[in-house]
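The structure file query_38.txt is reproduced below (compact mmCIF, C-alpha atoms and all ligand atoms).
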# COMPACT_ATOMS: atom_id res chain seq x y z
CA MET Q 1 24.77 13.67 -48.48
CA GLU Q 2 27.57 11.23 -49.37
CA PHE Q 3 27.68 12.32 -52.99
CA LEU Q 4 27.92 15.98 -51.98
CA SER Q 5 31.51 15.45 -50.79
CA ASP Q 6 32.41 14.35 -54.35
CA LEU Q 7 31.18 17.69 -55.69
CA LEU Q 8 33.26 19.86 -53.34
CA VAL Q 9 35.76 22.20 -54.99
CA PRO Q 10 38.21 24.53 -53.26
CA SER Q 11 37.28 28.19 -53.14
CA GLU Q 12 38.33 31.37 -51.39
CA SER Q 13 34.75 32.40 -50.71
CA LYS Q 14 33.50 32.76 -47.17
CA ILE Q 15 30.19 31.71 -45.66
CA LEU Q 16 28.45 33.12 -42.57
CA LEU Q 17 25.49 31.37 -40.96
CA VAL Q 18 23.71 33.60 -38.45
CA VAL Q 19 21.26 31.78 -36.18
CA VAL Q 20 18.87 34.03 -34.31
CA ASP Q 21 17.57 31.35 -31.96
CA GLY Q 22 13.79 30.88 -32.04
CA LEU Q 23 13.42 33.72 -34.59
CA GLY Q 24 10.08 32.64 -36.09
CA GLY Q 25 6.91 33.51 -34.22
CA LEU Q 26 3.14 33.76 -34.27
CA GLU Q 27 0.76 36.67 -34.56
CA ARG Q 28 -0.46 38.88 -31.78
CA ASP Q 29 -2.91 41.51 -33.02
CA GLY Q 30 -2.32 40.24 -36.54
CA LYS Q 31 1.48 40.52 -36.58
CA THR Q 32 4.32 38.19 -35.61
CA GLU Q 33 7.31 39.37 -33.58
CA LEU Q 34 9.33 39.77 -36.78
CA GLU Q 35 6.49 41.72 -38.43
CA THR Q 36 6.04 43.95 -35.38
CA ALA Q 37 9.75 44.76 -35.04
CA LYS Q 38 11.12 47.76 -36.94
CA THR Q 39 13.86 46.19 -39.04
CA PRO Q 40 14.90 48.62 -41.78
CA ASN Q 41 18.23 46.86 -42.39
CA LEU Q 42 16.81 43.35 -42.67
CA ASP Q 43 13.94 44.62 -44.83
CA ALA Q 44 16.32 46.32 -47.24
CA LEU Q 45 18.65 43.33 -47.32
CA ALA Q 46 15.73 41.03 -48.19
CA ALA Q 47 15.27 42.86 -51.52
CA LYS Q 48 18.83 41.87 -52.47
CA SER Q 49 18.51 38.31 -51.09
CA SER Q 50 16.60 35.05 -51.58
CA LEU Q 51 13.94 34.23 -49.00
CA GLY Q 52 12.39 30.94 -47.98
CA LEU Q 53 11.00 28.91 -45.12
CA THR Q 54 12.80 25.95 -43.59
CA THR Q 55 11.40 22.99 -41.68
CA PRO Q 56 13.89 21.96 -38.99
CA VAL Q 57 13.11 18.24 -38.69
CA ASP Q 58 9.80 17.27 -40.24
CA ALA Q 59 6.28 18.63 -40.72
CA GLY Q 60 4.62 19.20 -37.36
CA VAL Q 61 7.68 18.25 -35.33
CA THR Q 62 8.70 20.68 -32.58
CA PRO Q 63 12.46 20.28 -32.19
CA GLY Q 64 14.86 21.02 -29.39
CA SER Q 65 17.75 23.32 -30.24
CA GLY Q 66 20.09 20.32 -30.52
CA PRO Q 67 18.44 18.56 -33.46
CA ALA Q 68 17.47 21.90 -35.03
CA HIS Q 69 21.12 23.00 -35.12
CA LEU Q 70 22.36 19.62 -36.33
CA ALA Q 71 20.05 19.98 -39.34
CA LEU Q 72 21.37 23.49 -40.08
CA PHE Q 73 24.90 22.05 -39.88
CA GLY Q 74 23.93 19.45 -42.51
CA TYR Q 75 23.53 16.39 -40.28
CA ASP Q 76 20.19 14.56 -40.26
CA PRO Q 77 18.90 14.83 -36.69
CA LEU Q 78 16.90 11.62 -37.16
CA GLU Q 79 20.10 9.75 -37.96
CA TYR Q 80 22.41 11.40 -35.43
CA GLU Q 81 20.67 11.44 -32.11
CA ILE Q 82 22.09 13.52 -29.30
CA GLY Q 83 21.16 11.89 -26.02
CA ARG Q 84 20.25 13.75 -22.85
CA GLY Q 85 23.53 12.92 -21.14
CA VAL Q 86 25.50 14.45 -24.03
CA LEU Q 87 23.27 17.56 -24.07
CA GLU Q 88 23.74 18.02 -20.34
CA ALA Q 89 27.53 17.71 -20.74
CA LEU Q 90 27.49 20.24 -23.60
CA GLY Q 91 25.40 22.56 -21.41
CA ILE Q 92 28.19 22.78 -18.84
CA ASP Q 93 30.85 23.02 -21.56
CA TYR Q 94 32.41 19.69 -20.61
CA PRO Q 95 34.92 18.60 -23.29
CA LEU Q 96 33.32 15.24 -24.07
CA LYS Q 97 35.45 12.87 -26.18
CA ARG Q 98 34.32 10.10 -28.52
CA GLY Q 99 33.87 6.93 -26.48
CA ASP Q 100 32.94 8.77 -23.25
CA VAL Q 101 29.56 7.94 -21.75
CA ALA Q 102 27.61 10.79 -20.14
CA ALA Q 103 24.47 10.64 -18.01
CA ARG Q 104 22.16 13.19 -16.51
CA GLY Q 105 22.07 12.85 -12.74
CA ASN Q 106 19.63 14.04 -10.09
CA PHE Q 107 20.37 14.34 -6.42
CA ALA Q 108 17.33 12.97 -4.59
CA THR Q 109 16.06 12.18 -1.10
CA ALA Q 110 15.31 8.65 0.11
CA LYS Q 111 14.02 7.23 3.39
CA ASP Q 112 14.41 3.53 4.17
CA GLY Q 113 15.49 2.93 0.57
CA MET Q 114 12.37 4.57 -0.94
CA ILE Q 115 12.56 7.82 -2.87
CA THR Q 116 10.69 10.59 -1.07
CA ASP Q 117 11.79 13.52 -3.26
CA ARG Q 118 13.24 13.06 -6.76
CA ARG Q 119 14.72 16.57 -6.69
CA ALA Q 120 16.16 16.59 -3.16
CA GLY Q 121 13.99 19.57 -2.19
CA ARG Q 122 15.37 21.47 -5.21
CA ILE Q 123 18.70 22.13 -3.52
CA PRO Q 124 20.47 25.31 -4.62
CA THR Q 125 23.31 25.06 -7.15
CA GLU Q 126 25.89 25.93 -4.46
CA GLU Q 127 24.88 22.88 -2.45
CA ASN Q 128 25.04 20.81 -5.64
CA GLU Q 129 28.59 22.09 -6.23
CA ARG Q 130 29.59 21.10 -2.70
CA LEU Q 131 28.14 17.60 -3.16
CA CYS Q 132 29.88 17.07 -6.50
CA LYS Q 133 33.16 18.17 -4.94
CA ARG Q 134 32.63 15.76 -2.07
CA LEU Q 135 31.93 12.86 -4.42
CA SER Q 136 34.81 13.75 -6.75
CA ALA Q 137 37.23 13.79 -3.81
CA GLU Q 138 36.45 10.16 -3.02
CA ILE Q 139 35.49 8.59 -6.34
CA ASN Q 140 37.68 9.24 -9.35
CA GLU Q 141 38.22 5.77 -10.78
CA ILE Q 142 36.32 2.48 -10.88
CA GLU Q 143 38.17 -0.46 -12.46
CA ASP Q 144 40.09 1.17 -15.35
CA VAL Q 145 37.51 3.89 -15.98
CA ALA Q 146 37.89 7.51 -14.88
CA ILE Q 147 34.79 8.97 -13.20
CA HIS Q 148 33.95 12.67 -13.51
CA ILE Q 149 31.10 14.28 -11.58
CA ARG Q 150 30.22 17.85 -12.55
CA PRO Q 151 27.47 20.09 -11.18
CA SER Q 152 24.78 21.41 -13.49
CA LYS Q 153 21.92 23.63 -12.24
CA GLY Q 154 19.81 23.07 -9.12
CA HIS Q 155 19.67 19.38 -8.21
CA ARG Q 156 21.14 18.21 -11.53
CA PHE Q 157 24.63 17.00 -12.29
CA VAL Q 158 26.48 15.22 -15.08
CA LEU Q 159 28.29 11.90 -14.70
CA ILE Q 160 30.99 11.17 -17.28
CA LEU Q 161 32.73 7.83 -17.67
CA ASP Q 162 36.02 7.98 -19.53
CA GLY Q 163 37.73 4.72 -20.46
CA GLU Q 164 37.97 1.79 -22.86
CA GLY Q 165 35.10 -0.44 -23.97
CA LEU Q 166 32.22 1.64 -22.64
CA SER Q 167 28.64 1.59 -23.93
CA HIS Q 168 25.70 3.94 -23.39
CA GLU Q 169 23.17 1.13 -23.95
CA LEU Q 170 21.92 1.09 -20.37
CA THR Q 171 18.61 1.30 -18.55
CA GLU Q 172 18.01 4.20 -16.13
CA SER Q 173 18.01 4.15 -12.35
CA ASP Q 174 15.32 6.80 -11.99
CA PRO Q 175 11.86 5.18 -11.54
CA GLN Q 176 10.36 8.63 -12.37
CA LYS Q 177 8.08 8.32 -9.32
CA GLU Q 178 8.37 8.77 -5.62
CA GLY Q 179 7.64 5.95 -3.13
CA GLN Q 180 9.82 3.49 -5.04
CA PRO Q 181 13.47 2.49 -4.72
CA PRO Q 182 16.04 3.47 -7.38
CA ILE Q 183 16.31 0.80 -10.08
CA VAL Q 184 19.49 -1.23 -10.58
CA ILE Q 185 20.95 -0.30 -13.99
CA GLN Q 186 20.92 -3.09 -16.59
CA PRO Q 187 22.88 -3.45 -19.84
CA LEU Q 188 20.76 -3.21 -23.01
CA ALA Q 189 23.47 -4.57 -25.31
CA ARG Q 190 25.88 -7.47 -25.06
CA ASP Q 191 28.93 -5.18 -24.77
CA ALA Q 192 27.36 -2.95 -22.11
CA GLY Q 193 27.93 -5.30 -19.15
CA LYS Q 194 31.13 -3.61 -18.01
CA THR Q 195 29.58 -0.14 -18.08
CA ALA Q 196 26.48 -1.31 -16.16
CA ARG Q 197 28.71 -2.91 -13.49
CA ILE Q 198 30.79 0.28 -13.11
CA VAL Q 199 27.77 2.58 -12.97
CA ASN Q 200 26.06 0.44 -10.33
CA ARG Q 201 29.25 0.42 -8.25
CA PHE Q 202 29.42 4.19 -8.62
CA VAL Q 203 25.84 4.51 -7.36
CA LEU Q 204 26.56 2.37 -4.28
CA GLN Q 205 29.80 4.19 -3.44
CA ALA Q 206 28.13 7.57 -3.91
CA GLN Q 207 25.27 6.57 -1.62
CA GLU Q 208 27.68 5.58 1.16
CA ILE Q 209 29.27 9.02 0.90
CA LEU Q 210 25.93 10.84 0.76
CA GLU Q 211 24.40 8.90 3.67
CA SER Q 212 25.05 11.71 6.13
CA GLU Q 213 23.39 14.32 3.90
CA GLU Q 214 20.00 15.55 5.00
CA ARG Q 215 18.36 16.14 1.64
CA ALA Q 216 20.60 14.81 -1.14
CA ASN Q 217 21.26 11.33 0.22
CA ILE Q 218 20.92 9.35 -3.04
CA LEU Q 219 21.33 9.95 -6.75
CA LEU Q 220 19.39 8.94 -9.84
CA LEU Q 221 20.84 8.51 -13.33
CA ARG Q 222 19.21 8.64 -16.75
CA GLY Q 223 19.80 9.51 -20.38
CA PHE Q 224 23.07 7.59 -20.86
CA ALA Q 225 24.57 8.77 -24.15
CA SER Q 226 27.74 9.07 -26.21
CA LEU Q 227 28.80 11.48 -28.93
CA PRO Q 228 27.31 10.54 -32.30
CA ASP Q 229 29.74 9.02 -34.77
CA LEU Q 230 29.73 11.55 -37.60
CA VAL Q 231 32.15 12.77 -40.27
CA PRO Q 232 33.62 16.03 -38.90
CA PHE Q 233 32.21 19.19 -40.47
CA PRO Q 234 35.46 20.42 -42.09
CA GLU Q 235 35.91 17.06 -43.81
CA GLN Q 236 32.27 16.65 -44.76
CA PHE Q 237 31.93 20.12 -46.31
CA GLY Q 238 35.50 21.12 -47.16
CA VAL Q 239 35.52 24.27 -45.05
CA LYS Q 240 37.55 25.42 -42.08
CA ALA Q 241 34.76 26.25 -39.63
CA GLY Q 242 34.65 28.57 -36.63
CA ALA Q 243 31.80 28.92 -34.13
CA ILE Q 244 30.88 31.97 -32.05
CA ALA Q 245 28.27 31.47 -29.33
CA THR Q 246 27.87 32.81 -25.81
CA TYR Q 247 25.91 29.84 -24.39
CA PRO Q 248 27.80 26.61 -23.73
CA MET Q 249 25.19 24.30 -25.25
CA TYR Q 250 25.55 25.95 -28.68
CA SER Q 251 29.33 26.11 -28.67
CA GLY Q 252 29.13 22.49 -27.50
CA LEU Q 253 26.94 21.53 -30.47
CA ALA Q 254 29.40 23.21 -32.83
CA ARG Q 255 32.33 21.44 -31.20
CA LEU Q 256 30.43 18.15 -31.42
CA VAL Q 257 30.30 18.36 -35.23
CA GLY Q 258 33.95 19.40 -35.44
CA MET Q 259 33.90 23.21 -35.65
CA LYS Q 260 36.51 25.24 -33.82
CA VAL Q 261 34.88 27.14 -30.97
CA LEU Q 262 36.21 30.69 -30.71
CA GLU Q 263 36.61 32.54 -27.42
CA THR Q 264 34.17 35.41 -27.20
CA GLY Q 265 32.51 37.75 -24.70
CA SER Q 266 28.94 37.68 -23.43
CA THR Q 267 27.26 40.29 -25.65
CA TRP Q 268 26.20 40.35 -29.32
CA GLU Q 269 28.67 43.20 -29.96
CA GLU Q 270 31.48 41.11 -28.54
CA GLU Q 271 30.45 38.17 -30.71
CA LEU Q 272 30.75 40.46 -33.73
CA ASP Q 273 34.16 41.67 -32.51
CA THR Q 274 35.32 38.05 -32.48
CA LEU Q 275 33.93 37.51 -35.98
CA THR Q 276 35.73 40.62 -37.22
CA GLN Q 277 39.04 39.62 -35.63
CA GLN Q 278 39.00 36.05 -36.91
CA ARG Q 279 37.42 36.65 -40.31
CA GLU Q 280 40.56 35.72 -42.23
CA ASP Q 281 41.17 32.46 -40.38
CA PHE Q 282 38.07 30.47 -41.40
CA ASP Q 283 35.94 29.73 -44.51
CA TYR Q 284 32.69 29.23 -42.60
CA PHE Q 285 31.36 30.82 -39.43
CA PHE Q 286 28.42 29.85 -37.25
CA LEU Q 287 27.28 32.90 -35.29
CA HIS Q 288 24.65 32.28 -32.62
CA PHE Q 289 22.35 34.72 -30.82
CA LYS Q 290 20.43 33.10 -28.00
CA GLU Q 291 18.29 35.75 -26.30
CA THR Q 292 15.42 35.85 -28.82
CA ASP Q 293 14.58 32.24 -27.95
CA ALA Q 294 14.66 32.95 -24.22
CA ALA Q 295 12.22 35.89 -24.68
CA GLY Q 296 9.91 33.64 -26.72
CA GLU Q 297 10.03 30.92 -24.07
CA ASP Q 298 9.23 33.52 -21.40
CA GLY Q 299 6.17 34.47 -23.45
CA ASP Q 300 7.56 38.01 -23.65
CA PHE Q 301 6.42 39.25 -27.08
CA THR Q 302 7.65 42.82 -26.52
CA LYS Q 303 11.11 41.71 -25.41
CA LYS Q 304 11.47 39.43 -28.42
CA VAL Q 305 10.47 42.33 -30.70
CA GLN Q 306 13.08 44.57 -29.03
CA LEU Q 307 15.77 41.93 -29.44
CA ILE Q 308 14.96 41.51 -33.14
CA GLU Q 309 15.27 45.30 -33.48
CA GLU Q 310 18.65 45.16 -31.73
CA PHE Q 311 19.75 42.41 -34.06
CA ASP Q 312 18.67 44.54 -37.04
CA LYS Q 313 21.09 47.27 -35.93
CA LEU Q 314 23.99 44.81 -36.28
CA ILE Q 315 23.29 44.09 -39.97
CA PRO Q 316 25.50 46.89 -41.40
CA ARG Q 317 28.44 45.65 -39.31
CA ILE Q 318 27.84 42.08 -40.52
CA LEU Q 319 27.64 43.14 -44.17
CA ASP Q 320 30.80 45.27 -43.89
CA LEU Q 321 32.77 42.08 -43.35
CA GLY Q 322 32.22 41.20 -47.00
CA PHE Q 323 31.21 37.55 -46.76
CA GLU Q 324 30.32 36.08 -50.16
CA VAL Q 325 27.38 34.23 -48.58
CA VAL Q 326 25.38 35.27 -45.52
CA ALA Q 327 22.40 33.27 -44.25
CA ILE Q 328 20.14 34.65 -41.53
CA THR Q 329 17.61 32.31 -39.96
CA GLY Q 330 16.37 30.64 -36.78
CA ASP Q 331 16.98 27.05 -35.69
CA HIS Q 332 13.26 26.61 -34.91
CA SER Q 333 10.40 29.00 -34.13
CA THR Q 334 9.69 30.12 -30.55
CA PRO Q 335 6.41 32.08 -30.69
CA ALA Q 336 5.98 34.26 -27.61
CA VAL Q 337 2.24 33.59 -27.68
CA LEU Q 338 2.96 29.89 -27.12
CA GLY Q 339 5.87 30.48 -24.73
CA SER Q 340 7.70 27.48 -26.17
CA HIS Q 341 9.48 26.09 -29.22
CA SER Q 342 7.12 25.18 -32.05
CA TRP Q 343 6.91 23.25 -35.32
CA HIS Q 344 6.37 26.34 -37.50
CA PRO Q 345 8.93 26.70 -40.28
CA ASN Q 346 11.74 29.26 -39.96
CA PRO Q 347 12.15 32.49 -41.87
CA PHE Q 348 15.30 32.12 -43.95
CA MET Q 349 17.28 34.78 -45.81
CA LEU Q 350 20.22 34.05 -48.11
CA TYR Q 351 22.34 37.00 -49.18
CA ALA Q 352 24.90 36.16 -51.85
CA PRO Q 353 25.40 39.23 -54.06
CA GLN Q 354 27.20 37.28 -56.81
CA THR Q 355 25.01 34.21 -57.00
CA ALA Q 356 21.56 34.49 -55.41
CA ARG Q 357 18.26 35.12 -57.16
CA THR Q 358 16.80 38.15 -55.46
CA GLU Q 359 13.37 39.10 -54.17
CA GLY Q 360 13.54 42.57 -55.72
CA LYS Q 361 11.39 44.13 -53.02
CA PRO Q 362 12.05 44.81 -49.35
CA GLY Q 363 10.55 43.08 -46.31
CA PHE Q 364 11.62 40.22 -44.07
CA SER Q 365 8.88 38.27 -42.28
CA GLU Q 366 7.39 34.79 -42.05
CA ARG Q 367 4.76 35.78 -44.64
CA ARG Q 368 7.30 37.23 -47.07
CA CYS Q 369 9.52 34.17 -46.65
CA ALA Q 370 6.57 31.90 -47.49
CA ARG Q 371 6.45 33.57 -50.92
CA GLY Q 372 10.22 33.75 -51.30
CA VAL Q 373 12.20 32.51 -54.31
CA LEU Q 374 13.67 29.63 -52.32
CA GLY Q 375 10.26 28.27 -51.39
CA HIS Q 376 9.82 25.88 -48.52
CA PHE Q 377 12.58 23.36 -47.77
CA ASN Q 378 14.17 21.26 -45.03
CA SER Q 379 16.92 22.74 -42.85
CA LEU Q 380 19.13 19.85 -43.98
CA ASP Q 381 19.31 21.54 -47.39
CA VAL Q 382 20.79 24.72 -45.93
CA MET Q 383 24.41 23.50 -46.04
CA PRO Q 384 24.30 22.40 -49.72
CA LEU Q 385 22.64 25.73 -50.65
CA LEU Q 386 25.30 27.74 -48.80
CA LEU Q 387 28.10 25.76 -50.47
CA ALA Q 388 26.53 26.15 -53.92
CA HIS Q 389 26.07 29.90 -53.55
CA ALA Q 390 29.71 30.12 -52.38
CA ARG Q 391 30.71 28.32 -55.62
CA ARG Q 392 32.08 25.42 -53.63
CA LEU Q 393 30.17 22.67 -55.50
CA LYS Q 394 30.95 21.57 -59.04
CA LYS Q 395 28.54 20.23 -61.65
CA PHE Q 396 27.02 16.79 -61.03
CA GLY Q 397 27.47 14.53 -64.07
CA ALA Q 398 28.41 15.55 -67.59
ZN ZN Q 401 16.95 26.99 -30.33
With the file now loaded, output its structure as structure tokens.
Amino acid sequence: MEFLSDLLVPSESKILLVVVDGLGGLERDGKTELETAKTPNLDALAAKSSLGLTTPVDAGVTPGSGPAHLALFGYDPLEYEIGRGVLEALGIDYPLKRGDVAARGNFATAKDGMITDRRAGRIPTEENERLCKRLSAEINEIEDVAIHIRPSKGHRFVLILDGEGLSHELTESDPQKEGQPPIVIQPLARDAGKTARIVNRFVLQAQEILESEERANILLLRGFASLPDLVPFPEQFGVKAGAIATYPMYSGLARLVGMKVLETGSTWEEELDTLTQQREDFDYFFLHFKETDAAGEDGDFTKKVQLIEEFDKLIPRILDLGFEVVAITGDHSTPAVLGSHSWHPNPFMLYAPQTARTEGKPGFSERRCARGVLGHFNSLDVMPLLLAHARRLKKFGA
């Protein structure tokens, strides 16, 4: 990837990456979701595009959306790990800075020092919000480190430490079992002593405050993590990049790699309005549609088919914007028949009217993509391919 930066050349051309989350599927009655859906626009576009299949991480590996997106953004997910604490912070749209340490927290119930319920009776989010407010009112600094406590969903919250000389190399306090006491957090690296001391003091102070609570009278911490140290996207790929996503985790992932997150509404139409309005201001856009993945995870084949059909109706609007390069793909597959993410490669379509080899016949599906002119490749290669088709890479060697 290093050498790619040496090949970058300035260009006026614009790139659009459309991620239909969990797009790929599996067959029910002989057809996948994408094959079942009526998609006249995508089918016609495929004839004028290159098709292929991408593997998000590695053969047989079922990825989370975090690593799958990192790969599409051109960062090796095996090299840049996004810890649970960071993911949780992204999920609540917390503006994490480099050097911050974030952890995933659970409110839990204990009796005589032993955990009796790791989820505090699954307290509702409103109660969680009240507890976080209560803690925040009394604990906002330990030594020279600012402490932020933010509610997530149900019994979960995020703890963020903001200060100098912090490390995420810590053990967890959650024994993962009931009938045991919470574990004292230990440093795993020589420079993590200060952070371990602060976190343990936080736990003790929080427990004094929570003592009077009936259900959530202790807390458990795990997944300590910091932002990965990566070259920001605009620098790495020579493009001014904007991100449009309605779910905080995805805008968070885009912000994490250095894209500018654009304000948008909550519907697909509103996301396209934002794209239309800001078209002139960026060279590269990441446009994310979440709902297809949710339908797949719910095991709702019919809903996922309907959503793909809805997405198909947006294609003319997308093409009207005149991007030189448009890629349409998923981050990973989410087959409704499995009701979960899967390892199956993603259908990938690259439309670049000036520069792409074309399929010459219509049809967009997993099967068609498997025979596409781009063949089968890793999602990490998507960024170089987009740049090349946008004429943003010069010749390598003489
Ligand atoms: Zn996903």
Next item on the list: Please identify the residues whose atoms come within 9 Å of ligand ZN 401 (chain Q), using only C-alpha atoms and all ligand atoms, and report them as a list in words.
Entry: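 Checked against 9 Å with only C-alpha atoms and all ligand atoms; the hits are Val19, Val20, Asp21, Gly22, Leu23, Pro63, Gly64, Ser65, Gly66, Ala68, His69, Tyr250, Lys290, Asp293, Ala294, Gly330, Asp331, His332, Ser333, Thr334 and His341 of chain Q.
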Next, write the just-selected residues to a file, as a JSON list (two decimals), keeping the file's coordinate frame, keeping C-alpha atoms as the atom set.
[["chain", "number", "residue", "atom", "x", "y", "z"],
["Q", 19, "VAL", "CA", 21.26, 31.78, -36.18],
["Q", 20, "VAL", "CA", 18.87, 34.03, -34.31],
["Q", 21, "ASP", "CA", 17.57, 31.35, -31.96],
["Q", 22, "GLY", "CA", 13.79, 30.88, -32.04],
["Q", 23, "LEU", "CA", 13.42, 33.72, -34.59],
["Q", 63, "PRO", "CA", 12.46, 20.28, -32.19],
["Q", 64, "GLY", "CA", 14.86, 21.02, -29.39],
["Q", 65, "SER", "CA", 17.75, 23.32, -30.24],
["Q", 66, "GLY", "CA", 20.09, 20.32, -30.52],
["Q", 68, "ALA", "CA", 17.47, 21.90, -35.03],
["Q", 69, "HIS", "CA", 21.12, 23.00, -35.12],
["Q", 250, "TYR", "CA", 25.55, 25.95, -28.68],
["Q", 290, "LYS", "CA", 20.43, 33.10, -28.00],
["Q", 293, "ASP", "CA", 14.58, 32.24, -27.95],
["Q", 294, "ALA", "CA", 14.66, 32.95, -24.22],
["Q", 330, "GLY", "CA", 16.37, 30.64, -36.78],
["Q", 331, "ASP", "CA", 16.98, 27.05, -35.69],
["Q", 332, "HIS", "CA", 13.26, 26.61, -34.91],
["Q", 333, "SER", "CA", 10.40, 29.00, -34.13],
["Q", 334, "THR", "CA", 9.69, 30.12, -30.55],
["Q", 341, "HIS", "CA", 9.48, 26.09, -29.22]]
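Of the listed residues (Q:Arg98, Q:Lys313, Q:Lys394, Q:Arg119), Q:Lys313 comes nearest to Q:Thr39; the distances count all atoms listed in the file.
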Check: Quick one: of Q:Gly165, Q:Gly223, Q:Gly258, Q:Gly74, who's nearest to Q:Leu4, counting only C-alpha atoms?
Finding: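 Once distances to Q:Leu4 are computed over only C-alpha atoms, the minimum belongs to Q:Gly74.
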Item checked: Distance of atom CA of Q:Leu262 from atom CA of Q:Phe285, expressed in Å to one decimal place -> 10.0 Å
Note to self: With 10 Å as the threshold, what does the neighbourhood of (33.5, 20.0, -18.4) contain in terms of residues, counting all atoms listed in the file? Coordinates are those of the file; answer as a ChimeraX atom specification.
What the structure shows: /Q:89-96,148-151,158,160
Restricted to all heavy atoms, what does stretch 119-124 of chain Q look like when written out as a PDB file, in the first residue's frame?
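Heads up, here's the output in out_35.pdb:
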ATOM      1  N   ARG Q 119     -25.916  -8.536  33.854  1.00  0.00           N
ATOM      2  CA  ARG Q 119     -26.606  -7.531  33.038  1.00  0.00           C
ATOM      3  C   ARG Q 119     -27.575  -6.693  33.858  1.00  0.00           C
ATOM      4  O   ARG Q 119     -28.430  -6.014  33.308  1.00  0.00           O
ATOM      5  CB  ARG Q 119     -27.331  -8.209  31.886  1.00  0.00           C
ATOM      6  CG  ARG Q 119     -26.360  -8.920  30.959  1.00  0.00           C
ATOM      7  CD  ARG Q 119     -27.049  -9.506  29.750  1.00  0.00           C
ATOM      8  NE  ARG Q 119     -26.070 -10.170  28.899  1.00  0.00           N
ATOM      9  CZ  ARG Q 119     -25.661 -11.422  29.046  1.00  0.00           C
ATOM     10  NH1 ARG Q 119     -26.160 -12.166  30.025  1.00  0.00           N
ATOM     11  NH2 ARG Q 119     -24.769 -11.949  28.236  1.00  0.00           N
ATOM     12  N   ALA Q 120     -27.445  -6.756  35.169  1.00  0.00           N
ATOM     13  CA  ALA Q 120     -28.286  -5.951  36.067  1.00  0.00           C
ATOM     14  C   ALA Q 120     -29.767  -6.085  35.723  1.00  0.00           C
ATOM     15  O   ALA Q 120     -30.499  -5.093  35.662  1.00  0.00           O
ATOM     16  CB  ALA Q 120     -27.855  -4.484  36.024  1.00  0.00           C
ATOM     17  N   GLY Q 121     -30.209  -7.313  35.487  1.00  0.00           N
ATOM     18  CA  GLY Q 121     -31.626  -7.537  35.165  1.00  0.00           C
ATOM     19  C   GLY Q 121     -32.046  -6.853  33.877  1.00  0.00           C
ATOM     20  O   GLY Q 121     -33.210  -6.516  33.699  1.00  0.00           O
ATOM     21  N   ARG Q 122     -31.080  -6.672  32.959  1.00  0.00           N
ATOM     22  CA  ARG Q 122     -31.339  -5.998  31.674  1.00  0.00           C
ATOM     23  C   ARG Q 122     -32.138  -4.711  31.882  1.00  0.00           C
ATOM     24  O   ARG Q 122     -33.254  -4.545  31.344  1.00  0.00           O
ATOM     25  CB  ARG Q 122     -32.062  -6.928  30.699  1.00  0.00           C
ATOM     26  CG  ARG Q 122     -31.217  -8.107  30.287  1.00  0.00           C
ATOM     27  CD  ARG Q 122     -31.809  -8.806  29.077  1.00  0.00           C
ATOM     28  NE  ARG Q 122     -31.022  -9.965  28.698  1.00  0.00           N
ATOM     29  CZ  ARG Q 122     -30.006  -9.942  27.839  1.00  0.00           C
ATOM     30  NH1 ARG Q 122     -29.658  -8.815  27.257  1.00  0.00           N
ATOM     31  NH2 ARG Q 122     -29.348 -11.038  27.544  1.00  0.00           N
ATOM     32  N   ILE Q 123     -31.575  -3.809  32.657  1.00  0.00           N
ATOM     33  CA  ILE Q 123     -32.240  -2.533  32.927  1.00  0.00           C
ATOM     34  C   ILE Q 123     -32.552  -1.797  31.619  1.00  0.00           C
ATOM     35  O   ILE Q 123     -31.812  -1.923  30.646  1.00  0.00           O
ATOM     36  CB  ILE Q 123     -31.365  -1.612  33.817  1.00  0.00           C
ATOM     37  CG1 ILE Q 123     -29.937  -1.511  33.243  1.00  0.00           C
ATOM     38  CG2 ILE Q 123     -31.365  -2.074  35.267  1.00  0.00           C
ATOM     39  CD1 ILE Q 123     -29.114  -0.422  33.873  1.00  0.00           C
ATOM     40  N   PRO Q 124     -33.655  -1.052  31.597  1.00  0.00           N
ATOM     41  CA  PRO Q 124     -33.976  -0.297  30.380  1.00  0.00           C
ATOM     42  C   PRO Q 124     -32.973   0.844  30.154  1.00  0.00           C
ATOM     43  O   PRO Q 124     -32.327   1.299  31.108  1.00  0.00           O
ATOM     44  CB  PRO Q 124     -35.374   0.255  30.652  1.00  0.00           C
ATOM     45  CG  PRO Q 124     -35.533   0.227  32.132  1.00  0.00           C
ATOM     46  CD  PRO Q 124     -34.660  -0.883  32.644  1.00  0.00           C
TER      47      PRO Q 124
END
